[in-house]
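*Asks:* Sharing protein.txt below, compact mmCIF, C-alpha atoms:
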```
# COMPACT_ATOMS: atom_id res chain seq x y z
CA ALA A 186 0.00 0.00 0.00
CA CYS A 187 2.84 2.39 0.82
CA ALA A 188 4.51 1.79 -2.54
CA ALA A 189 1.23 2.10 -4.48
CA GLY A 190 0.30 5.26 -2.63
CA THR A 191 3.68 6.76 -3.45
CA LEU A 192 3.65 5.78 -7.12
CA PHE A 193 0.17 6.95 -8.10
CA HIS A 194 -1.04 10.55 -7.92
CA LEU A 195 -3.69 12.45 -9.81
CA SER A 196 -2.43 15.02 -12.25
CA PRO A 197 -4.27 18.36 -12.38
CA ALA A 198 -4.90 17.43 -16.03
CA ALA A 199 -7.27 14.68 -14.84
CA ALA A 200 -9.95 17.36 -14.56
CA GLN A 201 -10.02 17.49 -18.37
CA PHE A 202 -11.65 14.05 -18.28
CA GLU A 203 -13.66 14.45 -15.05
CA PRO A 204 -14.38 18.19 -14.59
CA PRO A 205 -15.83 18.01 -11.03
CA LEU A 206 -12.97 15.81 -9.79
CA PHE A 207 -11.09 18.39 -7.72
CA ASN A 208 -13.84 20.86 -6.84
CA ARG A 209 -16.63 18.41 -5.90
CA ILE A 210 -15.78 14.70 -5.96
CA LEU A 211 -12.57 14.62 -3.93
CA PRO A 212 -13.76 17.21 -1.35
CA THR A 213 -16.89 15.09 -0.83
CA LEU A 214 -14.85 11.92 -0.33
CA HIS A 215 -12.46 13.70 2.05
CA ASP A 216 -15.19 15.24 4.21
CA PRO A 217 -14.25 14.26 7.81
CA ASP A 218 -17.93 14.09 8.77
CA ALA A 219 -18.76 11.52 6.08
CA LEU A 220 -18.67 7.74 6.18
CA VAL A 221 -17.35 6.98 2.68
CA MET A 222 -17.90 3.58 1.09
CA ALA A 223 -16.63 2.57 -2.36
CA LEU A 224 -19.02 0.25 -4.21
CA TYR A 225 -17.42 -1.49 -7.19
CA MET A 226 -20.07 -2.93 -9.54
CA ARG A 227 -18.45 -4.76 -12.44
CA THR A 228 -21.32 -5.92 -14.63
CA GLY A 229 -19.56 -7.25 -17.72
CA HIS A 230 -20.91 -4.46 -19.91
CA THR A 231 -17.37 -3.31 -20.70
CA ASP A 232 -16.45 -6.79 -21.99
CA THR A 233 -19.56 -6.90 -24.15
CA MET A 234 -18.66 -3.51 -25.59
CA ALA A 235 -15.10 -4.63 -26.35
CA LYS A 236 -16.32 -7.83 -28.05
CA SER A 237 -18.83 -5.94 -30.17
CA GLU A 238 -16.17 -3.42 -31.11
CA LYS A 239 -13.73 -6.20 -32.10
CA ASN A 240 -16.36 -7.83 -34.30
CA GLY A 241 -17.12 -4.55 -36.03
CA GLN A 242 -20.62 -4.37 -34.61
CA GLY A 243 -22.53 -1.31 -33.45
CA PRO A 244 -22.96 0.11 -29.95
CA VAL A 245 -24.20 -2.25 -27.24
CA LYS A 246 -27.30 -1.37 -25.29
CA ASP A 247 -26.48 -0.72 -21.63
CA ASP A 248 -29.18 -2.20 -19.42
CA ALA A 249 -28.90 -1.79 -15.65
CA ARG A 250 -27.69 -5.02 -14.01
CA ILE A 251 -30.14 -4.92 -11.12
CA VAL A 252 -29.21 -8.24 -9.51
CA ILE A 253 -25.53 -7.35 -9.19
CA ALA A 254 -26.37 -3.84 -8.04
CA GLN A 255 -28.76 -5.10 -5.38
CA MET A 256 -26.15 -7.51 -4.02
CA ILE A 257 -23.63 -4.70 -3.65
CA THR A 258 -26.08 -2.17 -2.21
CA SER A 259 -27.48 -4.70 0.28
CA CYS A 260 -23.97 -5.20 1.62
CA ALA A 261 -23.46 -1.43 1.76
CA LEU A 262 -26.70 -0.94 3.70
CA LYS A 263 -25.68 -3.62 6.18
CA LEU A 264 -22.21 -2.18 6.76
CA GLU A 265 -23.33 1.44 7.02
CA ASN A 266 -25.89 0.43 9.66
CA GLU A 267 -23.29 -1.50 11.66
CA ILE A 268 -20.75 1.33 11.51
CA LEU A 269 -23.22 4.10 12.33
CA ASN A 270 -24.56 2.03 15.20
CA ALA A 271 -21.06 1.72 16.65
CA GLU A 272 -19.84 5.23 15.85
CA ALA A 273 -21.96 8.36 16.14
CA ASP A 274 -19.34 10.70 14.68
CA PHE A 275 -20.56 10.58 11.07
CA SER A 276 -23.24 13.03 9.99
CA LYS A 277 -23.51 11.82 6.41
CA VAL A 278 -22.92 8.76 4.26
CA VAL A 279 -21.30 8.81 0.82
CA TRP A 280 -21.37 5.90 -1.60
CA CYS A 281 -18.66 6.29 -4.23
CA LEU A 282 -20.11 4.04 -6.91
CA VAL A 283 -17.75 2.73 -9.59
CA SER A 284 -19.17 0.65 -12.44
CA ASP A 285 -18.59 -0.20 -16.09
CA SER A 286 -22.32 0.33 -16.66
CA PRO A 287 -23.63 3.93 -16.71
CA ALA A 288 -27.20 2.55 -16.59
CA THR A 289 -26.43 0.64 -13.39
CA LYS A 290 -24.92 3.76 -11.82
CA GLN A 291 -28.05 5.72 -12.69
CA TRP A 292 -30.25 3.00 -11.19
CA ALA A 293 -28.36 3.24 -7.89
CA ILE A 294 -28.64 7.03 -7.87
CA ASP A 295 -32.38 6.83 -8.49
CA GLU A 296 -32.83 4.22 -5.74
CA TYR A 297 -30.54 5.46 -2.98
CA HIS A 298 -29.33 9.05 -3.48
CA GLY A 299 -30.72 11.56 -0.99
CA GLN A 300 -32.27 8.90 1.23
CA ARG A 301 -32.41 9.30 4.97
CA VAL A 302 -30.24 6.57 6.50
CA ALA A 303 -32.08 4.28 8.94
CA LEU A 304 -30.41 4.53 12.33
CA PRO A 305 -31.03 2.51 15.50
CA GLU A 306 -32.95 4.22 18.27
CA MET A 307 -30.99 5.92 21.02
CA PRO A 308 -31.62 5.07 24.69
CA ASP A 309 -33.49 7.42 27.02
CA ASN A 310 -35.40 8.99 24.13
CA GLU A 311 -32.30 10.74 22.83
CA THR A 312 -32.44 11.80 19.21
CA ARG A 313 -29.76 11.30 16.60
CA PRO A 314 -29.07 13.90 13.93
CA LEU A 315 -30.44 13.26 10.48
CA VAL A 316 -28.00 11.32 8.29
CA VAL A 317 -28.52 11.49 4.52
CA ARG A 318 -26.86 9.29 1.91
CA GLU A 319 -25.18 10.72 -1.18
CA VAL A 320 -24.47 8.47 -4.16
CA LEU A 321 -21.44 9.82 -6.01
CA THR A 322 -20.37 8.66 -9.46
CA THR A 323 -18.07 9.78 -12.25
CA GLY A 324 -18.88 10.27 -15.90
CA SER A 325 -16.90 7.18 -16.89
CA ARG A 326 -18.39 5.29 -19.84
CA GLY A 327 -16.88 2.00 -18.68
CA ALA A 328 -14.78 1.45 -21.83
CA HIS A 329 -12.22 -1.35 -21.64
CA SER A 330 -8.64 -0.13 -21.09
CA ARG A 331 -6.74 -3.32 -21.99
CA ALA A 332 -3.80 -2.70 -24.34
CA SER A 333 -5.01 -5.03 -27.10
CA ARG A 334 -8.00 -2.76 -27.62
CA ARG A 335 -5.77 0.30 -28.08
CA PRO A 336 -7.77 2.46 -25.69
CA SER A 337 -7.88 6.20 -26.13
CA THR A 338 -6.43 8.58 -23.55
CA GLU A 339 -10.00 9.25 -22.41
CA ASP A 340 -10.71 5.53 -21.94
CA PHE A 341 -7.58 5.02 -19.85
CA SER A 342 -8.12 8.21 -17.85
CA ASP A 343 -11.70 7.23 -17.01
CA ALA A 344 -10.51 3.86 -15.73
CA PHE A 345 -7.62 5.30 -13.75
CA ILE A 346 -9.74 7.97 -12.07
CA ASP A 347 -12.34 5.38 -11.05
CA TRP A 348 -9.61 3.09 -9.73
CA TYR A 349 -8.00 5.93 -7.78
CA LEU A 350 -11.29 7.01 -6.20
CA ILE A 351 -11.94 3.50 -4.86
CA GLY A 352 -9.02 4.01 -2.49
CA GLU A 353 -10.34 7.37 -1.26
CA SER A 354 -12.91 5.63 0.94
CA HIS A 355 -13.13 4.07 4.38
CA LEU A 356 -13.92 0.63 2.93
CA VAL A 357 -14.49 -1.11 -0.40
CA ILE A 358 -17.25 -3.52 -1.45
CA THR A 359 -16.53 -5.48 -4.61
CA THR A 360 -18.36 -7.71 -7.05
CA PRO A 361 -17.62 -11.46 -6.70
CA SER A 362 -15.16 -12.96 -9.20
CA ARG A 363 -14.32 -9.43 -10.44
CA LEU A 364 -11.59 -8.78 -7.95
CA SER A 365 -8.53 -7.19 -9.47
CA PHE A 366 -9.82 -3.66 -10.09
CA GLY A 367 -11.61 -3.26 -6.76
CA ALA A 368 -8.98 -5.10 -4.74
CA MET A 369 -6.10 -3.11 -6.20
CA GLY A 370 -8.01 0.11 -5.60
CA ALA A 371 -8.40 -0.90 -1.96
CA LEU A 372 -4.76 -2.01 -1.73
CA ARG A 373 -3.47 1.41 -2.83
CA THR A 374 -4.56 2.90 0.49
CA ALA A 375 -4.91 -0.35 2.50
CA ARG A 376 -8.68 -0.05 2.86
CA PRO A 377 -10.80 -2.94 4.17
CA LEU A 378 -12.22 -5.04 1.34
CA TYR A 379 -15.60 -6.75 1.57
CA GLY A 380 -16.89 -9.48 -0.73
CA ILE A 381 -20.61 -9.83 -1.25
CA HIS A 382 -20.78 -13.54 -2.10
CA ALA A 383 -19.53 -14.42 1.39
CA GLU A 384 -22.38 -12.67 3.20
CA CYS A 385 -20.67 -9.30 3.11
CA THR A 386 -17.60 -10.35 5.10
CA LYS A 387 -14.14 -8.84 5.05
CA ALA A 388 -11.78 -10.40 2.51
CA ASN A 389 -8.03 -10.43 2.14
CA LEU A 390 -6.58 -7.54 0.17
CA ILE A 391 -4.68 -10.16 -1.81
CA PRO A 392 -7.41 -12.81 -2.33
CA THR A 393 -6.57 -16.50 -2.52
CA ASN A 394 -9.87 -18.33 -2.40
CA PHE A 395 -12.49 -15.60 -2.48
```
As structure tokens, what does this structure read like?
*Replies:*
Amino acid sequence: ACAAGTLFHLSPAAAQFEPPLFNRILPTLHDPDALVMALYMRTGHTDTMAKSEKNGQGPVKDDARIVIAQMITSCALKLENEILNAEADFSKVVWCLVSDSPATKQWAIDEYHGQRVALPEMPDNETRPLVVREVLTTGSRGAHSRASRRPSTEDFSDAFIDWYLIGESHLVITTPSRLSFGAMGALRTARPLYGIHAECTKANLIPTNF
């Protein structure tokens, strides 16, 4: 984590590809009052796009992958409740949602952004401050960045920014069997990694049998 954190930094030029990166996204993720969770939803849409592109076919329709999204968000809801129940210092929750499917990101925004977070009752009729959830995404199109595809600078920059932002969280939740991107994002800053197929339990940063 120390080596990765030293090697990788965002250039000011990254704002050319994600305009709100420095004035909105990073300040939101670095808010000391926010519980920040990175949700990595790899749906396979990027692979379908790359295959269609290779075969000379047209654009691929991007349908929201609801099942995968619900698995990830269910884990996020469970963890945010456990953390907020144990620690009362957070006044807001931020989900940094990274996905190769813009439609899936929009589904999560529609379902969960701006919601009041359910909190356990306090003893002796004490009241807890209102905690609202923000779902934060980038404008990434989810294009594949593998070298054989000859990705554009925009494709690679989108992928790198998403990968970098995963590590700017308190914890990372990743899609099962799609480990490398989410796990490496967590490893950069040594963030706890949770896998959803194992009932939302913490996984090793370098998975062996996950």
*Asks:* Atom CA of A:Leu378 to atom CA of A:His355: how many Å, to one decimal?
*Replies:*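 Computing the Euclidean distance for atom CA of A:Leu378 and atom CA of A:His355 yields 9.6 Å.
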*Asks:* Excluding same-chain residues fewer than 6 positions from A:Ala198, what lies within 12 Å of it counting only C-alpha atoms, as a ChimeraX atom specification?
*Replies:* /A:204,206-207,338-339,342,346
*Asks:* Interatomic distance between atom CA of A:Thr322 and atom CA of A:Leu264?
*Replies:*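 Atom CA of A:Thr322 sits 19.6 Å away from atom CA of A:Leu264.
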*Asks:* Name the closest residue to A:Ser286 among the candidates A:Phe193, A:Phe366, A:Phe341, A:Tyr225; distances are taken between atoms, counting only C-alpha atoms.
*Replies:* A:Tyr225
*Asks:* Using all atoms listed in the file, which of A:Leu192, A:Ile294, A:Ala375, A:Leu224 sits nearest A:Asp347?
*Replies:*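 Of A:Leu192, A:Ile294, A:Ala375, A:Leu224, the one nearest A:Asp347, counting all atoms listed in the file, is A:Leu224.
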*Asks:* Atom CA of A:Leu372 and atom CA of A:Thr360 are how many Å apart?
*Replies:*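 Separation of atom CA of A:Leu372 and atom CA of A:Thr360: 15.7 Å.
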*Asks:* Which polymer residues have any atom within 10 Å of an atom of A:Arg301, counting all atoms listed in the file, with same-chain residues fewer than 3 positions away left out, as a PyMOL selection string?
*Replies:* chain A and resi 277-278+297-298+304+315-319
